[in-house]
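Undergrad: Got a structure for you, questions after.
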Amino acid sequence: MIVFPNAKINIGINITDRRPDGYHNIETIFYPLPIYDALEALPGDNLTFQSSGLDIPGIQDDNLCIKGYHLIKKDHALPPLNIYLHKHIPIGAGLGGGSANAAFFIKLVNNLFDLGLTTENMLYYARQLGADCAFFIENKPLFAFERGDQFESVTLDLSKYKIVLVMPPVHVSTGEAYREVKPAPVKQSLYELISEPIQEWKHHIKNDFETSVFKNHPIIRGVKASLYDAGAIYASMSGSGASVFGIFDKKPDLSELEKTNKVFY
């Protein structure tokens with residue numbers, strides 16, 4: 001069985017405070033983006049994991065699909081699986097590619113073996129694998145809060161706009177981004193701000209990671225400025241970076257950015 005995990009962008013991120021468990025409380029708007037990996041799993045003689053496309057750092061046992069397999073196997077009789085992942089979603093980009101792979105793996109296993117998992121069951125497993133993972137179970141625009149794994153639905157449809165994603169040639173780890181962030185309470189929640197006209201977003205919706213990430217990686221700040229220069233209605237770094245997205249009325253000319261960055265239209 002083959003599935004196609006997609007990326008996401010964050011429209012705004014507020015880091016509100018540090019939690020006793022070492023994580024941070026945040027609020028953000030998750031929005032699905034049509035950039036895809038390909039994930040296949042079939043019964044085999046032994047549990048295996050292979051990948052192609054972009055290089056995936058780390059050891060196999062740390063892969064979220066492998067961790068997801070062992071998590072589900074505690075509660076359900078699963079045979080060994082041959083897992084194959086073709087990686088296309090940029091890594092270290094704030095796009096949730098690894099989280100998407102994990103969530104889609106949970107859904108794939110549920111369908112492949114008729115486990116009968118409910119959405120809540122799948123959310124339970126996904127939340128144990130990572131804060132972003134749970135979003136990809138329902139995979140629709142959501143207001144996320146607490147660790148980023150509690151949700152409320154939002155009415156948000158950007159289909160009439162052109163969303164362009166730019167990936168500069170740098171990598172920003174989540175740990176690096178969080179080390180320099182300064183949590184602060186919000187005056188107005190993103191849950192309210194997202195209902196404003198999109199033309200107002202640049203005045204009120206911000207990504208708290210940008211301050212430190214732009215200081216350490218000025219190339220990312222330059223990409224955001226270039227998107228606004230090209231006519232973006234709203235532009236922001238996604239997640240903890242390094243990717244930057246722009247929302248346009250129509251497809252822009254980003255030929256200059258394409259010379260030194262990967263651009264997804």
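Each chain in the structure tokens gets a letter, A, B, ..., in the order shown, and its residues are numbered from 1; ligands are numbered from 1 in order too.
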When you look at A:Ala38 with a cut-off of 9 Å (counting only C-alpha atoms), what residues show up, excluding the ones that are within fewer than 3 positions of it in the same chain? I need them as a list in words.

TA: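 Here the qualifying residues turn out to be Ile2, Val3, Phe4, Pro5, Asn6, Tyr84, Leu85, His86, Lys87, His88 and Asn101 of chain A.
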
Undergrad: Env of stretch 226-229 of chain A: 10 Å cut, atoms = only C-alpha atoms, seq-sep filter 3 positions within chain, self excluded. Answer as an mmCIF file with N, CA and C atoms, in the first residue's frame.

TA:
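Output (around-v2.cif):
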data_model
loop_
_atom_site.group_PDB
_atom_site.id
_atom_site.type_symbol
_atom_site.label_atom_id
_atom_site.label_comp_id
_atom_site.auth_asym_id
_atom_site.auth_seq_id
_atom_site.Cartn_x
_atom_site.Cartn_y
_atom_site.Cartn_z
ATOM 1 N N VAL A 164 3.571 29.932 -2.573
ATOM 2 C CA VAL A 164 4.896 29.568 -3.067
ATOM 3 C C VAL A 164 5.811 29.339 -1.876
ATOM 4 N N LEU A 165 6.599 28.282 -1.941
ATOM 5 C CA LEU A 165 7.511 27.947 -0.849
ATOM 6 C C LEU A 165 8.952 28.053 -1.353
ATOM 7 N N VAL A 166 9.780 28.697 -0.560
ATOM 8 C CA VAL A 166 11.195 28.843 -0.916
ATOM 9 C C VAL A 166 12.040 28.170 0.160
ATOM 10 N N ILE A 220 17.702 33.732 5.297
ATOM 11 C CA ILE A 220 16.270 33.437 5.412
ATOM 12 C C ILE A 220 15.477 34.748 5.492
ATOM 13 N N ARG A 221 16.008 35.701 6.234
ATOM 14 C CA ARG A 221 15.372 37.019 6.293
ATOM 15 C C ARG A 221 15.302 37.629 4.887
ATOM 16 N N GLY A 222 16.373 37.449 4.117
ATOM 17 C CA GLY A 222 16.413 37.983 2.762
ATOM 18 C C GLY A 222 15.375 37.350 1.855
ATOM 19 N N VAL A 223 15.122 36.044 2.039
ATOM 20 C CA VAL A 223 14.102 35.366 1.235
ATOM 21 C C VAL A 223 12.724 35.958 1.528
ATOM 22 N N ALA A 232 4.068 39.509 -2.587
ATOM 23 C CA ALA A 232 3.331 38.637 -1.666
ATOM 24 C C ALA A 232 2.353 39.451 -0.819
ATOM 25 N N ILE A 233 1.172 38.883 -0.623
ATOM 26 C CA ILE A 233 0.191 39.481 0.286
ATOM 27 C C ILE A 233 0.628 39.223 1.726
ATOM 28 N N TYR A 234 1.157 38.028 1.950
ATOM 29 C CA TYR A 234 1.671 37.659 3.270
ATOM 30 C C TYR A 234 2.836 36.708 3.062
ATOM 31 N N ALA A 235 3.882 36.878 3.853
ATOM 32 C CA ALA A 235 5.036 35.982 3.781
ATOM 33 C C ALA A 235 5.528 35.715 5.191
ATOM 34 N N SER A 236 6.032 34.510 5.411
ATOM 35 C CA SER A 236 6.495 34.133 6.741
ATOM 36 C C SER A 236 7.387 32.909 6.644
ATOM 37 N N VAL A 244 10.495 29.432 3.767
ATOM 38 C CA VAL A 244 9.678 30.645 3.836
ATOM 39 C C VAL A 244 8.615 30.530 2.763
ATOM 40 N N PHE A 245 7.376 30.859 3.112
ATOM 41 C CA PHE A 245 6.316 30.802 2.115
ATOM 42 C C PHE A 245 5.760 32.202 1.866
ATOM 43 N N GLY A 246 5.227 32.369 0.672
ATOM 44 C CA GLY A 246 4.552 33.611 0.312
ATOM 45 C C GLY A 246 3.195 33.290 -0.285
ATOM 46 N N ILE A 247 2.212 34.092 0.049
ATOM 47 C CA ILE A 247 0.864 33.939 -0.494
ATOM 48 C C ILE A 247 0.636 35.074 -1.482
ATOM 49 N N PHE A 248 0.324 34.704 -2.725
ATOM 50 C CA PHE A 248 0.202 35.666 -3.816
ATOM 51 C C PHE A 248 -1.176 35.574 -4.469
ATOM 52 N N PRO A 252 4.067 34.358 -9.026
ATOM 53 C CA PRO A 252 5.033 35.455 -9.175
ATOM 54 C C PRO A 252 6.241 35.042 -10.003
ATOM 55 N N ASP A 253 7.014 36.031 -10.394
ATOM 56 C CA ASP A 253 8.302 35.782 -11.043
ATOM 57 C C ASP A 253 9.368 35.757 -9.953
ATOM 58 N N LEU A 254 9.860 34.574 -9.651
ATOM 59 C CA LEU A 254 10.889 34.421 -8.621
ATOM 60 C C LEU A 254 12.180 33.869 -9.229
ATOM 61 N N GLU A 256 15.014 35.176 -9.793
ATOM 62 C CA GLU A 256 16.232 35.507 -9.055
ATOM 63 C C GLU A 256 16.403 34.579 -7.852
ATOM 64 N N LEU A 257 15.307 34.344 -7.122
ATOM 65 C CA LEU A 257 15.380 33.439 -5.977
ATOM 66 C C LEU A 257 15.717 32.020 -6.411
#

Undergrad: For the structure I just gave you, how does DSSP split stretch 50-264 of chain A - specifically, which residues are alpha helix (DSSP H)? Reply as a PyMOL selection string.

TA: chain A and resi 64-73+97-112+119-129+135-138+174-179+190-193+201-204+210-216+218-229+255-258

Undergrad: Go ahead and dump the residues you just picked, C-alpha atoms, as a compact mmCIF listing (two decimals), in the first residue's frame.

TA:
# COMPACT_ATOMS: atom_id res chain seq x y z
CA LEU A 64 9.32 7.97 13.21
CA CYS A 65 7.79 5.29 10.98
CA ILE A 66 9.81 2.61 12.78
CA LYS A 67 8.85 4.10 16.14
CA GLY A 68 5.23 4.18 15.02
CA TYR A 69 5.39 0.52 14.04
CA HIS A 70 6.65 -0.52 17.49
CA LEU A 71 4.09 1.71 19.21
CA ILE A 72 1.13 0.17 17.39
CA LYS A 73 2.56 -3.34 17.69
CA GLY A 97 7.78 16.13 6.70
CA GLY A 98 8.91 13.57 9.28
CA SER A 99 5.75 14.10 11.30
CA ALA A 100 3.63 13.64 8.18
CA ASN A 101 5.40 10.36 7.41
CA ALA A 102 4.63 9.10 10.92
CA ALA A 103 0.97 10.09 10.82
CA PHE A 104 0.42 8.67 7.34
CA PHE A 105 2.16 5.47 8.43
CA ILE A 106 -0.36 5.12 11.27
CA LYS A 107 -3.24 5.59 8.82
CA LEU A 108 -1.63 3.22 6.31
CA VAL A 109 -1.22 0.43 8.90
CA ASN A 110 -4.79 0.97 10.10
CA ASN A 111 -6.12 0.51 6.56
CA LEU A 112 -3.72 -2.25 5.54
CA THR A 119 -9.46 9.17 14.71
CA GLU A 120 -8.97 9.51 18.47
CA ASN A 121 -7.02 6.23 18.54
CA MET A 122 -4.72 7.45 15.77
CA LEU A 123 -4.30 10.84 17.46
CA TYR A 124 -3.28 8.98 20.63
CA TYR A 125 -0.44 7.23 18.81
CA ALA A 126 0.57 10.32 16.82
CA ARG A 127 0.89 12.52 19.91
CA GLN A 128 3.44 10.10 21.34
CA LEU A 129 5.62 10.42 18.26
CA PHE A 135 -2.10 17.41 12.84
CA PHE A 136 -1.58 15.09 9.88
CA ILE A 137 -4.15 12.58 11.09
CA GLU A 138 -7.02 14.90 10.11
CA THR A 174 14.15 22.71 16.04
CA GLY A 175 16.49 22.68 19.04
CA GLU A 176 18.46 25.63 17.67
CA ALA A 177 15.28 27.61 17.06
CA TYR A 178 13.88 27.00 20.55
CA ARG A 179 17.13 27.79 22.39
CA LEU A 190 -4.24 33.52 16.39
CA TYR A 191 -7.62 31.83 16.55
CA GLU A 192 -9.14 35.31 16.25
CA LEU A 193 -6.50 36.89 14.03
CA TRP A 201 -2.09 39.34 8.37
CA LYS A 202 1.33 40.94 7.84
CA HIS A 203 0.47 43.59 10.44
CA HIS A 204 -0.72 41.20 13.16
CA GLU A 210 11.94 34.59 13.12
CA THR A 211 13.77 36.96 15.49
CA SER A 212 16.52 34.52 16.43
CA VAL A 213 16.56 32.50 13.21
CA PHE A 214 16.87 35.63 11.05
CA LYS A 215 19.74 36.83 13.28
CA ASN A 216 21.63 33.56 12.85
CA PRO A 218 20.23 36.33 7.42
CA ILE A 219 19.71 34.51 4.13
CA ILE A 220 16.27 33.44 5.41
CA ARG A 221 15.37 37.02 6.29
CA GLY A 222 16.41 37.98 2.76
CA VAL A 223 14.10 35.37 1.24
CA LYS A 224 11.12 36.77 3.15
CA ALA A 225 11.96 40.30 2.01
CA SER A 226 12.27 39.10 -1.59
CA LEU A 227 8.82 37.50 -1.46
CA TYR A 228 7.28 40.77 -0.32
CA ASP A 229 9.23 42.59 -3.04
CA SER A 255 13.61 33.73 -11.17
CA GLU A 256 16.23 35.51 -9.06
CA LEU A 257 15.38 33.44 -5.98
CA GLU A 258 15.49 30.28 -8.08

Undergrad: Show which residues sit within 12 Å of A:Lys8, as JSON, numbers by chain. Count only C-alpha atoms, and ignore same-chain residues fewer than 2 positions away.

TA: {"A": [5, 6, 10, 11, 28, 29, 30, 31, 32, 33, 34, 35, 36, 89, 90, 93, 94, 95, 96, 97, 98, 99, 100, 101, 132, 133, 135, 136, 139, 140, 141, 142, 163, 165, 237, 238, 239, 243, 244, 245]}

Undergrad: Given the choices A:Val263, A:Val170, A:Val186, A:Ile194, which gets closest to A:Ser153 if the distance is worked out from only C-alpha atoms?

TA: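 So, comparing all the options, the nearest one is A:Ile194.
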
Undergrad: I need the residues in stretch 68-254 of chain A that are strand (DSSP E) according to DSSP; give them as a PyMOL selection string.

TA: chain A and resi 81-87+142-146+150-153+162-167+234-237+244-248

Undergrad: Could you take the residues named above and write them with C-alpha atoms, as an mmCIF file, in the first residue's frame?

TA:
data_model
loop_
_atom_site.group_PDB
_atom_site.id
_atom_site.type_symbol
_atom_site.label_atom_id
_atom_site.label_comp_id
_atom_site.auth_asym_id
_atom_site.auth_seq_id
_atom_site.Cartn_x
_atom_site.Cartn_y
_atom_site.Cartn_z
ATOM 1 C CA LEU A 81 6.863 -4.770 7.394
ATOM 2 C CA ASN A 82 9.075 -3.659 4.535
ATOM 3 C CA ILE A 83 8.816 0.144 4.683
ATOM 4 C CA TYR A 84 9.991 2.283 1.776
ATOM 5 C CA LEU A 85 10.072 6.088 1.829
ATOM 6 C CA HIS A 86 10.876 8.398 -1.064
ATOM 7 C CA LYS A 87 11.807 11.722 0.535
ATOM 8 C CA LEU A 142 -6.468 23.705 12.373
ATOM 9 C CA PHE A 143 -5.719 26.062 15.238
ATOM 10 C CA ALA A 144 -3.160 24.235 17.393
ATOM 11 C CA PHE A 145 -2.310 24.996 21.002
ATOM 12 C CA GLU A 146 -0.559 23.619 24.114
ATOM 13 C CA GLN A 150 -4.422 20.060 20.719
ATOM 14 C CA PHE A 151 -6.738 21.432 18.065
ATOM 15 C CA GLU A 152 -9.756 23.513 17.213
ATOM 16 C CA SER A 153 -11.170 23.715 13.702
ATOM 17 C CA LYS A 162 -0.969 30.930 -5.044
ATOM 18 C CA ILE A 163 1.211 29.672 -2.181
ATOM 19 C CA VAL A 164 4.896 29.568 -3.067
ATOM 20 C CA LEU A 165 7.511 27.947 -0.849
ATOM 21 C CA VAL A 166 11.195 28.843 -0.916
ATOM 22 C CA MET A 167 13.827 26.594 0.659
ATOM 23 C CA TYR A 234 1.671 37.659 3.270
ATOM 24 C CA ALA A 235 5.036 35.982 3.781
ATOM 25 C CA SER A 236 6.495 34.133 6.741
ATOM 26 C CA MET A 237 8.980 31.522 7.783
ATOM 27 C CA VAL A 244 9.678 30.645 3.836
ATOM 28 C CA PHE A 245 6.316 30.802 2.115
ATOM 29 C CA GLY A 246 4.552 33.611 0.312
ATOM 30 C CA ILE A 247 0.864 33.939 -0.494
ATOM 31 C CA PHE A 248 0.202 35.666 -3.816
#

Undergrad: Point out the residue among A:Pro169, A:Gly130, A:Pro185, A:Gly148 with the least atom-to-atom distance to A:Asn63, counting only C-alpha atoms.

TA: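 When distances to A:Asn63 are compared using only C-alpha atoms, the smallest one comes from A:Gly130.
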